[in-house]
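Some notes on the structure that comes next.
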Number of protein chains: 2
Amino acid sequence: MRLRDERHKRILQMIEEKLFLKVSEAAEMLGVTEMTIRRDFKYLENQGLITRIHGGAKKKTKDQYIELSHTEKKALNIKEKKYVAEKAAKLIENNDTIFIGPGTTTEFIYDYIDVSSLNVITNSISIFNRFQENKNFNVILIGGRLRERTKTFVGYFTSKWIRDIKVQKAFIGTNGIDGDQITTADEEEGAIQRIVLKNSNYRYIITDSTKFGVCAFQKICNVNEVTAIITDNKIPVEYKNFYEEICKIIN
Amino acid sequence: MRLRDERHKRILQMIEEKLFLKVSEAAEMLGVTEMTIRRDFKYLENQGLITRIHGGAKKKTKDQYIELSHTEKKALNIKEKKYVAEKAAKLIENNDTIFIGPGTTTEFIYDYIDVSSLNVITNSISIFNRFQENKNFNVILIGGRLRERTKTFVGYFTSKWIRDIKVQKAFIGTNGIDGDQITTADEEEGAIQRIVLKNSNYRYIITDSTKFGVCAFQKICNVNEVTAIITDNKIPVEYKNFYEEICKIIN
DNA sequence: TCGTTAATGTTCGAAAATGTTCTTTTTTGT
DNA sequence: ACAAAAAAGAACATTTTCGAACATTAACGA
């Protein structure tokens, strides 16, 4: 006979490699009753480690998002992202109160900021951590429910709380700019961004040039509502001409 | 070298390579009674070297999510803290909405919770991280300004936002219980705790028995306002008698 | 040597883990 | 849709482990 935790560990191993494990199988392999295995499965399910189904248990399927994961995305177009981030950072002045939304580009903004005092609001853990390093900055994290994929807080409470915040400048990353619409891939994050834009004097859209002509799932706002679009200089000239009619393009 | 130390060394070796070790196995191998092995395990656990489980012990999984200043504190009275945490966890029922405040004791509560669905609210990063692991729990972090030392959110916004939250049960750690007052060491955290207690149906104070007779800097509330004080069984009998007149003592 | 203290062993009631039995629910085959 | 078969779950029984209290043994200095 073995220890309970040891059994749990082996159950997890088996499920990991076989994806599915029958109660009867497990009982025989581990030399205990099926009842015990059921109790083990129940415990492991409560821990959020497996999914129980009639007759056994299976590996927990993580929700598949269309978006690339945080770390994967980061690798792409670093040079362009840094360029854009630097342009954005130049717009930030001493004693500003700014919002910085989640995004792989916006994360670089911190590196180029050159002010001695600043108030920063964000719902992104990565952004928060970066700015938190600097003791001269007053940083506020908007909490709520965590969207694991992007390490960003979203949902009812985040929306509610973000309404309390008024900022001078908002920097919002985006997944697509098409026609007169600015769009993002995630519904929940989009909801937050819309509120932020309403509560900001200056509204900056941060995007690399590959996002022009891309239409993502969720509309954030119209192009004519933003103060400027900040992008890199690989933006095709036809897009540049088109959007310069509507709003400012910084690149 | 003493016999006892020799045994301890061998126990650690065995656990290191096998990850698990039964009391009975160890007893046979080392030629001593199971009682002795239990005493050894107990000692080694208090040294923070292994984790004891029913029937044996296992290798300690290092918690990487807690920062240094915390881990130091944590080494003290582990046994009592776990005991208290377990008592607290038993009060948590399926589908509850609970608040868990920052603290080295409250962090252990997670380990003893046995429900399949739960809503958790906290302003502590450590607590948030722990509960976030479990996909069956709905976890809300209250943001704001970060108090680095305890990795806890405090300040104007935290207070404001926490007012939006109503919970069934609040678990609040404390630094001192003296006379009819419950006190804490930090003014900003105290302010948050006061609000939480107002918005909770059941108010549980989590504390180890060494805090009785200690008066910290900031008053949180009066003893008669709380539902129960959860503490360990080393509480001096005169305190126990005194406080049992005013509120419930769980230990 | 003795007396003192620390370590280990023993006993036993309580608690935890596991097993058993029987009933209810789900699945499956027709 | 139905009945038979398989699995799950509730309640109770059994076994194992724990830990407190006390007894015994070993260790060591005066």
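Chain labels follow the order of the structure tokens: the first chain is A, the next B, and so on; residue numbering restarts at 1 in every chain, and ligands are counted from 1 in their shown order.
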Next item on the list: Tell me which protein, DNA and RNA residues are within 9 Å of range 12-20 of chain C, counting only C-alpha atoms (C1' of nucleotides), leaving out same-chain ones fewer than 5 positions away, and put them as a VMD selection string.
Entry: (chain A and resid 4 32 to 33 35 to 36) or (chain B and resid 54) or (chain D and resid 12 to 18)
Item checked: Contact set, chain B to chain D: 12 Å, only C-alpha atoms (C1' of nucleotides), as a list in words ->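 Every residue meeting the condition is included here: Arg2, Leu3, Lys22, Val23, Ser24, Glu34, Met35, Thr36, Ile37, Arg38, Arg39, Lys42, Arg52, Ile53, His54, Gly55 and Gly56 of chain B.
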Selected residues written out with all heavy atoms, as a compact mmCIF listing (two decimals), in the first residue's frame:
```txt
# COMPACT_ATOMS: atom_id res chain seq x y z
N ARG B 2 25.59 12.10 16.92
CA ARG B 2 24.51 11.47 17.66
C ARG B 2 23.68 10.57 16.75
O ARG B 2 23.60 10.77 15.54
CB ARG B 2 23.58 12.55 18.23
CG ARG B 2 24.33 13.62 19.02
CD ARG B 2 24.19 13.36 20.50
NE ARG B 2 22.85 13.67 20.94
CZ ARG B 2 22.42 14.93 21.14
NH1 ARG B 2 23.21 15.94 20.93
NH2 ARG B 2 21.20 15.14 21.57
N LEU B 3 23.04 9.61 17.35
CA LEU B 3 22.21 8.68 16.60
C LEU B 3 21.06 9.38 15.89
O LEU B 3 20.72 9.07 14.77
CB LEU B 3 21.66 7.60 17.54
CG LEU B 3 22.59 6.41 17.79
CD1 LEU B 3 22.02 5.54 18.88
CD2 LEU B 3 22.76 5.61 16.51
N LYS B 22 7.32 6.30 3.79
CA LYS B 22 6.31 5.92 4.77
C LYS B 22 6.95 5.81 6.15
O LYS B 22 8.12 5.45 6.28
CB LYS B 22 5.69 4.58 4.41
CG LYS B 22 4.95 4.60 3.10
CD LYS B 22 3.70 3.77 3.12
CE LYS B 22 3.92 2.33 3.46
NZ LYS B 22 2.65 1.61 3.65
N VAL B 23 6.15 6.07 7.14
CA VAL B 23 6.61 5.95 8.52
C VAL B 23 7.07 4.52 8.77
O VAL B 23 8.13 4.28 9.33
CB VAL B 23 5.50 6.33 9.51
CG1 VAL B 23 5.95 6.06 10.93
CG2 VAL B 23 5.10 7.79 9.34
N SER B 24 6.24 3.58 8.31
CA SER B 24 6.55 2.17 8.58
C SER B 24 7.86 1.75 7.90
O SER B 24 8.69 1.07 8.49
CB SER B 24 5.40 1.29 8.08
OG SER B 24 5.07 1.61 6.76
N GLU B 34 7.95 3.33 15.18
CA GLU B 34 7.28 4.31 14.33
C GLU B 34 7.13 5.64 15.07
O GLU B 34 7.20 6.70 14.46
CB GLU B 34 5.92 3.78 13.90
CG GLU B 34 6.02 2.51 13.07
CD GLU B 34 4.74 2.20 12.31
OE1 GLU B 34 3.71 2.85 12.59
OE2 GLU B 34 4.76 1.30 11.45
N MET B 35 6.91 5.53 16.36
CA MET B 35 6.78 6.76 17.15
C MET B 35 8.03 7.64 17.00
O MET B 35 7.93 8.86 16.86
CB MET B 35 6.59 6.40 18.62
CG MET B 35 6.13 7.56 19.48
SD MET B 35 4.50 8.19 19.03
CE MET B 35 4.84 9.93 18.91
N THR B 36 9.15 7.01 17.02
CA THR B 36 10.40 7.77 16.87
C THR B 36 10.48 8.43 15.50
O THR B 36 10.86 9.60 15.39
CB THR B 36 11.60 6.83 17.06
OG1 THR B 36 11.51 6.24 18.35
CG2 THR B 36 12.91 7.58 16.94
N ILE B 37 10.10 7.66 14.50
CA ILE B 37 10.10 8.23 13.15
C ILE B 37 9.15 9.42 13.07
O ILE B 37 9.48 10.45 12.48
CB ILE B 37 9.69 7.16 12.11
CG1 ILE B 37 10.71 6.02 12.08
CG2 ILE B 37 9.55 7.79 10.73
CD1 ILE B 37 12.09 6.42 11.62
N ARG B 38 8.01 9.29 13.70
CA ARG B 38 7.06 10.41 13.69
C ARG B 38 7.69 11.65 14.32
O ARG B 38 7.54 12.74 13.85
CB ARG B 38 5.80 10.05 14.46
CG ARG B 38 4.93 9.12 13.68
CD ARG B 38 3.51 9.06 14.18
NE ARG B 38 2.90 7.88 13.60
CZ ARG B 38 2.83 6.71 14.21
NH1 ARG B 38 3.27 6.57 15.44
NH2 ARG B 38 2.30 5.67 13.59
N ARG B 39 8.39 11.40 15.44
CA ARG B 39 9.04 12.53 16.09
C ARG B 39 10.11 13.13 15.19
O ARG B 39 10.26 14.35 15.12
CB ARG B 39 9.63 12.09 17.42
CG ARG B 39 8.56 11.86 18.48
CD ARG B 39 9.13 11.70 19.89
NE ARG B 39 9.27 10.31 20.28
CZ ARG B 39 8.57 9.72 21.26
NH1 ARG B 39 7.68 10.41 21.95
NH2 ARG B 39 8.78 8.47 21.57
N LYS B 42 8.38 15.09 12.47
CA LYS B 42 7.84 16.32 13.06
C LYS B 42 8.95 17.37 13.18
O LYS B 42 8.78 18.52 12.80
CB LYS B 42 7.29 15.99 14.45
CG LYS B 42 6.43 17.07 15.05
CD LYS B 42 5.80 16.49 16.32
CE LYS B 42 5.04 17.51 17.10
NZ LYS B 42 4.52 16.91 18.35
N ARG B 52 5.10 16.75 5.96
CA ARG B 52 4.54 15.55 6.55
C ARG B 52 3.16 15.30 5.96
O ARG B 52 2.38 16.23 5.77
CB ARG B 52 4.41 15.76 8.05
CG ARG B 52 4.64 14.54 8.86
CD ARG B 52 5.51 14.93 10.04
NE ARG B 52 4.70 15.19 11.22
CZ ARG B 52 4.18 14.22 11.96
NH1 ARG B 52 4.29 12.96 11.61
NH2 ARG B 52 3.54 14.53 13.06
N ILE B 53 2.86 14.05 5.65
CA ILE B 53 1.53 13.69 5.22
C ILE B 53 1.09 12.45 6.00
O ILE B 53 1.92 11.78 6.60
CB ILE B 53 1.47 13.39 3.70
CG1 ILE B 53 2.52 12.34 3.34
CG2 ILE B 53 1.67 14.65 2.90
CD1 ILE B 53 2.58 12.05 1.88
N HIS B 54 -0.18 12.17 5.96
CA HIS B 54 -0.70 11.03 6.70
C HIS B 54 0.01 9.77 6.22
O HIS B 54 -0.04 9.44 5.04
CB HIS B 54 -2.21 10.91 6.50
CG HIS B 54 -2.87 9.99 7.47
ND1 HIS B 54 -3.40 10.44 8.65
CD2 HIS B 54 -3.05 8.66 7.45
CE1 HIS B 54 -3.90 9.42 9.31
NE2 HIS B 54 -3.70 8.33 8.60
N GLY B 55 0.64 9.07 7.13
CA GLY B 55 1.31 7.83 6.77
C GLY B 55 2.78 7.97 6.44
O GLY B 55 3.48 6.99 6.28
N GLY B 56 3.24 9.19 6.33
CA GLY B 56 4.65 9.36 5.99
C GLY B 56 5.05 10.81 5.80
O GLY B 56 4.54 11.70 6.47
```
Item checked: Which of range 11-94 of chain A fall in strand (DSSP E or B), as a list in words -> Phe20, Leu21, Lys22, Ile50, Thr51, Arg52, Ile53, Gly56, Ala57, Lys58 and Lys59 of chain A
Notebook entry, point to check: chain A residues within 6 Å of chain B, counting only C-alpha atoms: which ones, as a list in words?
Noted result: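 Taking only C-alpha atoms into account, Asn46, Gln47, Gly48, Ile140, Leu141, Ile142, Gly143, Gly144 and Arg145 of chain A sit within 6 Å of chain B.
The coordinates place CA of Thr207 in chain B at 22.9 Å from CA of Tyr43 in chain B.
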Checklist line | range 219-223 of chain A environment, 8 Å, only C-alpha atoms (C1' of nucleotides), sequence neighbours closer than 5 positions dropped, as a PyMOL selection string | finding: chain A and resi 180-184+190-191+193-194+246-247
Output the selection as an mmCIF file, in the first residue's frame - N, CA and C atoms for each residue.
```cif
data_model
loop_
_atom_site.group_PDB
_atom_site.id
_atom_site.type_symbol
_atom_site.label_atom_id
_atom_site.label_comp_id
_atom_site.auth_asym_id
_atom_site.auth_seq_id
_atom_site.Cartn_x
_atom_site.Cartn_y
_atom_site.Cartn_z
ATOM 1 N N ASP A 180 -12.545 52.407 -40.924
ATOM 2 C CA ASP A 180 -12.553 53.450 -39.892
ATOM 3 C C ASP A 180 -12.622 52.855 -38.497
ATOM 4 N N GLN A 181 -12.350 51.550 -38.402
ATOM 5 C CA GLN A 181 -12.501 50.905 -37.092
ATOM 6 C C GLN A 181 -11.190 50.381 -36.512
ATOM 7 N N ILE A 182 -11.090 50.537 -35.212
ATOM 8 C CA ILE A 182 -9.957 49.955 -34.486
ATOM 9 C C ILE A 182 -10.487 48.761 -33.720
ATOM 10 N N THR A 183 -9.823 47.623 -33.883
ATOM 11 C CA THR A 183 -10.374 46.390 -33.315
ATOM 12 C C THR A 183 -9.337 45.624 -32.488
ATOM 13 N N THR A 184 -9.853 44.756 -31.631
ATOM 14 C CA THR A 184 -8.983 43.917 -30.816
ATOM 15 C C THR A 184 -9.499 42.489 -30.832
ATOM 16 N N GLY A 190 -11.416 44.330 -24.839
ATOM 17 C CA GLY A 190 -11.991 45.416 -25.614
ATOM 18 C C GLY A 190 -12.922 46.273 -24.774
ATOM 19 N N ALA A 191 -13.712 45.626 -23.951
ATOM 20 C CA ALA A 191 -14.651 46.347 -23.095
ATOM 21 C C ALA A 191 -13.918 47.319 -22.183
ATOM 22 N N GLN A 193 -10.917 48.600 -22.676
ATOM 23 C CA GLN A 193 -10.280 49.654 -23.455
ATOM 24 C C GLN A 193 -11.261 50.748 -23.849
ATOM 25 N N ARG A 194 -12.461 50.356 -24.146
ATOM 26 C CA ARG A 194 -13.469 51.337 -24.518
ATOM 27 C C ARG A 194 -13.734 52.323 -23.369
ATOM 28 N N ILE A 246 -7.931 61.373 -41.492
ATOM 29 C CA ILE A 246 -8.873 61.223 -40.367
ATOM 30 C C ILE A 246 -8.248 61.622 -39.033
ATOM 31 N N CYS A 247 -7.019 61.168 -38.788
ATOM 32 C CA CYS A 247 -6.386 61.491 -37.520
ATOM 33 C C CYS A 247 -4.884 61.609 -37.703
#
```
Note to self: Run DSSP on the backbone and tell me which residues of range 92-124 of chain B come out as alpha helix (DSSP H); list them as a count of residues only.
What the structure shows: 4
